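Have a look at protein35.cif below; it lists mmCIF, C-alpha atoms.
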```cif
data_model
loop_
_atom_site.label_atom_id
_atom_site.label_comp_id
_atom_site.auth_asym_id
_atom_site.auth_seq_id
_atom_site.Cartn_x
_atom_site.Cartn_y
_atom_site.Cartn_z
CA MET P 257 124.12 120.55 135.11
CA SER P 258 121.79 121.18 138.04
CA SER P 259 119.20 118.61 139.12
CA LYS P 260 116.48 120.90 137.82
CA GLU P 261 118.17 121.13 134.42
CA LYS P 262 118.58 117.34 134.31
CA LYS P 263 114.90 116.87 135.10
CA THR P 264 113.90 119.28 132.33
CA GLU P 265 116.28 117.65 129.88
CA SER P 266 114.95 114.17 130.62
CA LYS P 267 111.45 115.24 129.62
CA ARG P 268 112.46 116.29 126.13
CA ARG P 269 110.91 114.18 123.43
CA THR P 270 111.92 114.23 119.79
CA GLY P 271 109.27 114.17 117.11
CA LEU P 272 109.18 113.66 113.36
CA ILE P 273 106.57 115.62 111.39
CA LEU P 274 105.81 114.62 107.81
CA GLU P 275 103.95 116.92 105.44
CA GLY P 276 101.79 115.42 102.68
CA GLY P 277 101.71 116.34 99.02
CA ALA P 278 100.76 113.19 97.06
CA MET P 279 103.73 112.11 94.93
CA ARG P 280 105.92 114.84 96.42
CA GLY P 281 105.93 112.31 99.24
CA LEU P 282 108.63 110.37 97.39
CA PHE P 283 110.95 113.16 98.58
CA THR P 284 109.93 112.24 102.13
CA CYS P 285 110.57 108.57 101.38
CA GLY P 286 114.14 109.38 100.42
CA VAL P 287 114.63 111.41 103.59
CA ILE P 288 113.29 108.81 105.99
CA ASP P 289 115.19 105.97 104.32
CA VAL P 290 118.44 107.82 104.98
CA PHE P 291 117.32 108.44 108.56
CA MET P 292 116.63 104.76 109.13
CA GLU P 293 119.84 103.66 107.45
CA ASN P 294 121.74 105.91 109.85
CA GLY P 295 119.95 104.76 112.99
CA ILE P 296 118.06 108.00 113.59
CA ASP P 297 115.30 107.31 116.12
CA PHE P 298 112.42 109.46 117.28
CA ASP P 299 110.11 109.19 120.25
CA GLY P 300 107.11 109.92 118.07
CA ALA P 301 106.03 110.85 114.57
CA VAL P 302 102.98 112.29 112.86
CA GLY P 303 102.05 112.02 109.21
CA ILE P 304 99.52 113.87 107.12
CA SER P 305 98.17 112.41 103.87
CA ALA P 306 101.16 111.01 101.93
CA GLY P 307 103.21 111.65 105.06
CA ALA P 308 100.94 109.17 106.86
CA VAL P 309 100.78 106.38 104.28
CA PHE P 310 104.50 106.56 103.52
CA GLY P 311 105.69 107.53 106.98
CA CYS P 312 104.12 104.52 108.68
CA ASN P 313 107.00 102.49 107.22
CA TYR P 314 109.32 104.28 109.66
CA LYS P 315 107.62 102.56 112.57
CA SER P 316 107.63 99.20 110.75
CA ARG P 317 111.31 99.84 109.84
CA GLN P 318 110.77 98.91 106.19
CA ILE P 319 113.45 100.84 104.36
CA GLY P 320 112.58 101.38 100.71
CA ARG P 321 109.06 99.92 100.82
CA PRO P 322 107.00 102.94 99.57
CA ARG P 323 109.63 103.71 96.94
CA ARG P 324 109.46 100.12 95.75
CA TYR P 325 105.70 99.74 95.47
CA ASN P 326 105.11 103.20 94.01
CA GLU P 327 107.62 102.61 91.24
CA LYS P 328 106.33 99.09 90.59
CA TYR P 329 102.61 99.82 90.58
CA CYS P 330 102.34 103.47 89.47
CA ARG P 331 101.00 102.35 86.07
CA ASP P 332 98.64 99.74 87.52
CA LYS P 333 95.04 100.86 86.99
CA ARG P 334 94.05 99.22 90.25
CA TYR P 335 96.43 101.50 92.13
CA CYS P 336 95.60 104.87 90.62
CA SER P 337 93.45 105.61 87.57
CA ILE P 338 90.45 107.48 86.23
CA ARG P 339 88.82 104.08 85.87
CA SER P 340 89.21 103.55 89.61
CA LEU P 341 87.73 106.99 90.27
CA ILE P 342 84.71 106.31 88.04
CA THR P 343 84.04 102.77 89.28
CA THR P 344 84.82 103.19 92.99
CA GLY P 345 84.81 106.92 93.73
CA ASP P 346 88.50 106.83 94.66
CA LEU P 347 91.31 107.87 92.34
CA TYR P 348 93.67 105.73 94.43
CA GLY P 349 91.90 102.38 94.70
CA ALA P 350 91.10 101.75 98.35
CA ASP P 351 91.00 97.95 98.14
CA PHE P 352 94.29 97.83 96.26
CA CYS P 353 96.11 100.39 98.41
CA TYR P 354 94.89 99.36 101.85
CA ARG P 355 94.30 95.63 101.52
CA LEU P 356 95.90 93.95 98.52
CA LEU P 357 99.14 95.94 98.62
CA PRO P 358 99.90 95.71 102.38
CA ASP P 359 98.52 92.19 102.79
CA GLU P 360 99.85 90.44 99.70
CA LEU P 361 101.82 92.35 97.08
CA ASP P 362 104.33 94.19 99.30
CA PRO P 363 103.48 93.13 102.87
CA PHE P 364 103.40 95.73 105.61
CA ASP P 365 105.22 94.35 108.65
CA ARG P 366 102.50 94.76 111.25
CA GLU P 367 104.43 92.84 113.88
CA ALA P 368 107.41 95.18 113.62
CA PHE P 369 105.05 98.17 113.57
CA LYS P 370 103.33 97.00 116.75
CA ASN P 371 106.58 96.27 118.59
CA ASP P 372 108.50 99.41 117.66
CA PRO P 373 108.42 101.91 120.56
CA MET P 374 107.98 105.02 118.40
CA GLU P 375 104.50 106.50 118.69
CA PHE P 376 102.90 107.14 115.30
CA TYR P 377 99.97 109.49 114.73
CA VAL P 378 97.95 110.37 111.65
CA GLY P 379 95.66 113.33 111.14
CA ALA P 380 92.44 113.53 109.10
CA THR P 381 89.79 116.20 108.65
CA ASP P 382 86.39 115.69 110.28
CA VAL P 383 83.86 116.67 107.59
CA LYS P 384 81.29 117.67 110.22
CA THR P 385 83.52 120.21 111.96
CA GLY P 386 86.22 121.01 109.40
CA GLU P 387 88.82 120.35 112.09
CA CYS P 388 91.72 117.93 112.14
CA VAL P 389 91.45 114.92 114.43
CA PHE P 390 94.37 112.67 115.28
CA HIS P 391 94.66 108.95 115.82
CA LYS P 392 97.50 107.03 117.42
CA CYS P 393 98.24 103.97 115.29
CA SER P 394 99.20 101.03 117.46
CA ASP P 395 99.13 97.82 115.44
CA GLY P 396 98.72 98.60 111.73
CA GLU P 397 95.52 96.55 111.55
CA ASP P 398 92.21 97.49 109.94
CA ALA P 399 91.34 100.56 112.03
CA ASP P 400 94.83 102.03 111.62
CA MET P 401 94.68 101.40 107.87
CA LYS P 402 91.32 103.18 107.73
CA TRP P 403 92.80 106.21 109.46
CA MET P 404 95.75 106.25 107.05
CA GLN P 405 93.32 106.00 104.14
CA ALA P 406 91.27 108.85 105.59
CA SER P 407 94.35 111.01 106.05
CA ALA P 408 95.19 110.60 102.35
CA SER P 409 91.65 110.92 100.95
CA MET P 410 91.96 114.01 98.77
CA PRO P 411 88.75 115.98 98.19
CA LEU P 412 87.05 115.59 94.78
CA VAL P 413 88.91 112.35 93.99
CA SER P 414 88.18 110.33 97.14
CA ARG P 415 85.16 109.21 99.10
CA PRO P 416 85.00 110.27 102.75
CA VAL P 417 86.15 107.49 105.06
CA GLU P 418 84.10 106.34 108.05
CA VAL P 419 86.04 105.08 111.06
CA ASP P 420 85.63 105.26 114.84
CA GLY P 421 82.45 107.33 114.55
CA TYR P 422 84.03 109.96 112.29
CA VAL P 423 83.54 110.80 108.63
CA LEU P 424 86.93 111.95 107.37
CA LEU P 425 88.86 113.43 104.47
CA ASP P 426 92.48 114.41 103.84
CA GLY P 427 94.24 115.71 106.94
CA GLY P 428 96.00 118.41 104.94
CA ILE P 429 92.73 120.28 104.55
CA ALA P 430 92.72 121.32 108.21
CA ASP P 431 96.31 120.81 109.41
CA SER P 432 98.96 120.49 106.71
CA ILE P 433 102.02 120.47 108.98
CA PRO P 434 100.91 119.50 112.49
CA TYR P 435 103.83 120.72 114.59
CA GLU P 436 101.46 122.44 117.02
CA TYR P 437 99.69 119.16 117.66
CA MET P 438 102.99 117.43 118.39
CA GLU P 439 103.99 120.22 120.74
CA SER P 440 100.63 119.93 122.51
CA ILE P 441 101.31 116.28 123.38
CA GLY P 442 104.83 116.89 124.64
CA TYR P 443 107.10 116.75 121.59
CA ASP P 444 109.11 119.92 121.93
CA HIS P 445 112.12 119.16 119.68
CA ASN P 446 110.93 118.25 116.24
CA VAL P 447 112.34 117.38 112.86
CA ILE P 448 109.99 118.61 110.14
CA VAL P 449 110.10 117.23 106.61
CA LEU P 450 108.45 119.56 104.11
CA THR P 451 107.70 118.81 100.48
CA GLN P 452 107.76 122.41 99.23
CA PRO P 453 110.94 124.50 98.91
CA GLU P 454 112.01 127.57 100.86
CA GLY P 455 109.94 130.58 99.86
CA TYR P 456 106.88 128.65 98.71
CA VAL P 457 103.65 130.55 99.34
CA LYS P 458 100.34 128.73 98.94
CA GLY P 459 97.63 130.51 96.98
CA LYS P 460 93.88 130.13 97.16
CA ASN P 461 92.65 126.83 95.73
CA ARG P 462 91.49 127.36 92.15
CA LEU P 463 89.20 124.33 92.40
CA LEU P 464 87.24 125.81 95.31
CA PRO P 465 84.13 126.59 93.19
CA LEU P 466 84.03 122.96 92.09
CA MET P 467 84.60 121.75 95.63
CA LYS P 468 81.66 123.86 96.82
CA ILE P 469 79.46 121.82 94.49
CA PHE P 470 80.83 118.37 95.25
CA LEU P 471 81.23 118.96 98.99
CA ARG P 472 78.01 120.93 99.53
CA ARG P 473 76.93 118.39 102.17
CA TYR P 474 79.93 119.44 104.25
CA PRO P 475 79.86 123.23 104.70
CA ALA P 476 82.46 123.11 107.48
CA VAL P 477 84.95 121.48 105.11
CA ILE P 478 84.25 124.09 102.43
CA GLU P 479 84.88 126.83 104.99
CA THR P 480 88.17 125.21 106.02
CA LEU P 481 89.23 124.74 102.39
CA SER P 482 88.54 128.40 101.64
CA LYS P 483 91.04 129.41 104.32
CA ARG P 484 93.55 126.62 103.82
CA HIS P 485 96.13 128.80 102.06
CA ASP P 486 96.15 131.23 104.99
CA MET P 487 96.52 128.37 107.48
CA TYR P 488 99.38 126.85 105.50
CA ASN P 489 101.27 130.12 105.15
CA ARG P 490 100.88 130.82 108.88
CA GLN P 491 102.28 127.36 109.61
CA ILE P 492 105.33 128.05 107.45
CA THR P 493 105.91 131.29 109.37
CA GLY P 494 105.64 129.39 112.66
CA ILE P 495 108.09 126.75 111.45
CA LYS P 496 110.64 129.39 110.47
CA GLU P 497 110.36 130.94 113.92
CA ARG P 498 110.98 127.57 115.56
CA GLU P 499 113.93 126.98 113.27
CA LYS P 500 115.52 130.25 114.37
CA GLU P 501 114.89 129.43 118.02
CA GLY P 502 116.51 125.99 117.67
CA LYS P 503 113.27 124.18 118.51
CA ALA P 504 112.87 122.59 115.08
CA PHE P 505 115.11 121.14 112.41
CA VAL P 506 113.67 121.40 108.91
CA ILE P 507 114.46 119.46 105.75
CA ARG P 508 112.87 120.74 102.55
CA PRO P 509 113.48 120.33 98.81
CA PRO P 510 116.11 122.70 97.40
CA GLU P 511 113.64 123.74 94.69
CA SER P 512 110.19 122.85 93.42
CA LEU P 513 109.91 119.11 92.85
CA ASN P 514 107.77 119.60 89.73
CA ILE P 515 105.86 116.39 90.10
CA GLY P 516 102.09 116.03 89.86
CA ARG P 517 99.71 114.44 92.33
CA VAL P 518 99.49 111.51 89.92
CA GLU P 519 102.73 110.29 88.34
CA LYS P 520 102.94 107.31 86.04
CA ASP P 521 106.65 107.48 85.25
CA PRO P 522 108.81 105.40 87.64
CA GLU P 523 111.86 107.45 86.64
CA GLU P 524 110.17 110.64 87.85
CA LEU P 525 109.31 109.00 91.15
CA GLU P 526 112.91 107.84 91.48
CA ARG P 527 114.17 111.35 90.66
CA VAL P 528 112.16 112.85 93.51
CA TYR P 529 113.17 110.04 95.86
CA GLN P 530 116.85 110.67 95.14
CA ILE P 531 116.45 114.39 95.84
CA GLY P 532 115.12 113.44 99.26
CA ARG P 533 118.08 111.14 99.89
CA LYS P 534 120.54 113.81 98.84
CA GLU P 535 119.02 116.45 101.11
CA ALA P 536 118.91 114.06 104.07
CA GLU P 537 122.54 113.02 103.56
CA ARG P 538 123.60 116.66 103.32
CA ALA P 539 121.72 117.46 106.53
CA LEU P 540 122.90 114.46 108.56
CA PRO P 541 125.77 116.13 110.47
CA SER P 542 123.57 119.05 111.55
CA LEU P 543 120.66 116.74 112.26
CA LYS P 544 122.73 114.52 114.51
CA GLU P 545 123.99 117.58 116.36
CA PHE P 546 120.42 118.82 116.82
CA LEU P 547 119.24 115.51 118.19
CA GLU P 548 122.29 114.91 120.37
CA ILE P 549 122.09 118.36 121.92
CA LYS P 550 118.40 117.93 122.65
CA GLY P 551 118.76 114.37 123.85
CA ASP P 552 121.59 114.70 126.37
#
```

Rewritten as structure tokens:
Amino acid sequence: MSSKEKKTESKRRTGLILEGGAMRGLFTCGVIDVFMENGIDFDGAVGISAGAVFGCNYKSRQIGRPRRYNEKYCRDKRYCSIRSLITTGDLYGADFCYRLLPDELDPFDREAFKNDPMEFYVGATDVKTGECVFHKCSDGEDADMKWMQASASMPLVSRPVEVDGYVLLDGGIADSIPYEYMESIGYDHNVIVLTQPEGYVKGKNRLLPLMKIFLRRYPAVIETLSKRHDMYNRQITGIKEREKEGKAFVIRPPESLNIGRVEKDPEELERVYQIGRKEAERALPSLKEFLEIKGD
């Protein structure tokens, strides 16, 4: 290898990109647990929505944590319920999810998160511009938790989140699978975990008329939502191109996960989690080859 090739090779950085999808995120949990169990490391990661709130446990190295608390508390009205939506404005209770759960019930290891060298980013949609903005989480403290909450704040069933001068909603509105963002900050060899199967094509949101009423204060968000299906389908095309070129390694469900955004059955959550584990285990040899080739 020439000195020029060695210099180029040394600059390569591996990234992990985690799509959202509410409780489809249990598939992602299964995937990343297998990764951690097998010592798979990345230079950086980015999560959107469920990919953010579950994926942060990669940096804190807490294998099994989101699986555990989702299965334990999925029927707890404080965690997710219509009552929570009516009384607080959030389907997923903000105080429960971002204070009580990480601080007391199933502690988030902030010290490990802070000390782990992997960079971790989350994306959320700026309601004023309709564009995705990204935040680098450094310590897992209040501001980082606010950004994670914002990233997972689904329209219609969540209040916008105010943090660092922004008013934010779910990152998936503006950037569902942010591989272009990761490439823009130097991550050129990426592992992408999707929560929809091969061949999935997103259609126009059937709730858009309702969203136009509830989000009328945020015309930029409505505009972005109206085009979200086109954005998503373009991203899938871009991912397939990168796959063919050897620039990305993709793990996706073998078929539709058939799980709703709200799931109260722990067995269903476990079913989806195990599908993620199985796909990650099946992909491990090829994944290790991809990372070793790109990391030499």

Practice item. In Å, rounded to a single decimal, give me how far CA of Ala306 (chain P) is from CA of Lys544 (chain P). Key: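 Between CA of Lys544 (chain P) and CA of Ala306 (chain P) the gap is 25.2 Å.
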
Using the file's own x, y and z axes, so that the box edges lie along x, y and z, what centre and edge lengths in Å (one decimal) does a box around every listed atom of region 285-291 of chain P get when 4 Å is added on each side? Give it as AutoDock Vina command-line options.
```
--center_x 114.5 --center_y 108.7 --center_z 104.5 --size_x 15.9 --size_y 13.4 --size_z 16.1
```

Once the PyMOL selection byres ((chain P and resi 462-469) around 12) has been applied to the shown file, what residues remain in the selection, as a PDB file with C-alpha atoms, in the coordinates of the input?
```pdb
ATOM      1  CA  MET P 410      91.960 114.010  98.770  1.00  0.00           C
ATOM      2  CA  PRO P 411      88.750 115.980  98.190  1.00  0.00           C
ATOM      3  CA  LEU P 412      87.050 115.590  94.780  1.00  0.00           C
ATOM      4  CA  VAL P 413      88.910 112.350  93.990  1.00  0.00           C
ATOM      5  CA  LYS P 458     100.340 128.730  98.940  1.00  0.00           C
ATOM      6  CA  GLY P 459      97.630 130.510  96.980  1.00  0.00           C
ATOM      7  CA  LYS P 460      93.880 130.130  97.160  1.00  0.00           C
ATOM      8  CA  ASN P 461      92.650 126.830  95.730  1.00  0.00           C
ATOM      9  CA  PHE P 470      80.830 118.370  95.250  1.00  0.00           C
ATOM     10  CA  LEU P 471      81.230 118.960  98.990  1.00  0.00           C
ATOM     11  CA  ARG P 472      78.010 120.930  99.530  1.00  0.00           C
ATOM     12  CA  ARG P 473      76.930 118.390 102.170  1.00  0.00           C
ATOM     13  CA  TYR P 474      79.930 119.440 104.250  1.00  0.00           C
ATOM     14  CA  PRO P 475      79.860 123.230 104.700  1.00  0.00           C
ATOM     15  CA  ALA P 476      82.460 123.110 107.480  1.00  0.00           C
ATOM     16  CA  VAL P 477      84.950 121.480 105.110  1.00  0.00           C
ATOM     17  CA  ILE P 478      84.250 124.090 102.430  1.00  0.00           C
ATOM     18  CA  GLU P 479      84.880 126.830 104.990  1.00  0.00           C
ATOM     19  CA  THR P 480      88.170 125.210 106.020  1.00  0.00           C
ATOM     20  CA  LEU P 481      89.230 124.740 102.390  1.00  0.00           C
ATOM     21  CA  SER P 482      88.540 128.400 101.640  1.00  0.00           C
ATOM     22  CA  LYS P 483      91.040 129.410 104.320  1.00  0.00           C
ATOM     23  CA  ARG P 484      93.550 126.620 103.820  1.00  0.00           C
ATOM     24  CA  HIS P 485      96.130 128.800 102.060  1.00  0.00           C
TER      25      HIS P 485
END
```

Exercise for review: To one decimal in Å, tell me the separation between CA of Val383 (chain P) and CA of Gly516 (chain P).
Suggested key: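 Computing the Euclidean distance for CA of Val383 (chain P) and CA of Gly516 (chain P) yields 25.4 Å.
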
Review point. If you count only C-alpha atoms, which residues fall within 9 Å of Val287 (chain P), apart from same-chain ones fewer than 2 positions away, as a PyMOL selection string?
Key: chain P and resi 282-285+289-292+449+507+529-537

Review point. Written as a ChimeraX atom specification, what is the full residue list that the PyMOL selection byres ((chain P and resi 445) around 12) yields on the file shown?
Key: /P:265,267-273,298-301,435-436,438-444,446-448,495,498-499,501-506,543,546-551

Point to revise | Residue among P:Asp359, P:Glu387, P:Asp521, P:Glu545 lying closest to Leu425 (chain P), counting only C-alpha atoms | key: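 Using only C-alpha atoms, the shortest distance to Leu425 (chain P) belongs to P:Glu387.
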
Practice item. Using all atoms listed in the file, find the one residue out of P:Ile342, P:Ala350, P:Met404, P:Leu424 that sits nearest to Val309 (chain P). Key: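 The answer is P:Met404, which sits nearest to Val309 (chain P).
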
Exercise for review: Determine the nearest neighbour of Gly349 (chain P) from the options P:Asp332, P:Glu397, P:Asp362, P:Glu454, counting only C-alpha atoms.
Suggested key: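 Among P:Asp332, P:Glu397, P:Asp362, P:Glu454, it is P:Asp332 that comes nearest to Gly349 (chain P).
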
Check your understanding: Taking into account only C-alpha atoms, which residue in the set P:Lys402, P:Arg323, P:Arg366, P:Arg280 is nearest to Asn514 (chain P)?
Key ->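 The shortest atom-to-atom distance to Asn514 (chain P) comes from P:Arg280.
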
Practice item. Could you check which of P:Met279, P:Val417, P:Ala406, P:Ser337 is closest to Leu513 (chain P), using all atoms listed in the file? Key: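 Of P:Met279, P:Val417, P:Ala406, P:Ser337, the one nearest Leu513 (chain P) is P:Met279, counting all atoms listed in the file.
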
Exercise for review: Report as a list in words the full result of the PyMOL selection byres ((chain P and resi 314) around 10) when it is applied to this structure.
Suggested key: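 Residues picked by the PyMOL selection byres ((chain P and resi 314) around 10): Cys285, Ile288, Asp289, Phe291, Met292, Asp297, Phe298, Ala301, Phe310, Gly311, Cys312, Asn313, Lys315, Ser316, Arg317, Gln318, Ile319, Gly320, Arg321, Phe369, Asp372, Met374 and Phe376 of chain P.
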
Review point. Skipping near chain neighbours, those fewer than 6 positions away, what residues fall within 7 Å of Pro509 (chain P) using all atoms listed in the file, listed as a ChimeraX atom specification?
Key: /P:451-453

Check your understanding: Please, what distance in Å, to one decimal, runs between CA of Lys500 (chain P) and CA of Glu293 (chain P)?
Key ->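 Computed distance, CA of Lys500 (chain P) to CA of Glu293 (chain P), equals 27.8 Å.
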
Practice item. Pick out the residues sitting within 7 Å of Ser407 (chain P), and hand them over as a VMD selection string; count only C-alpha atoms, and ignore anything fewer than 3 positions along from it in its own chain. Key: chain P and resid 304 to 305 308 378 to 380 403 to 404 425 to 427

Point to revise | Shortest interatomic distance to Ala408 (chain P) - which of P:Pro322, P:Pro541, P:Gly421, P:Gly277, counting all atoms listed in the file | key: P:Gly277
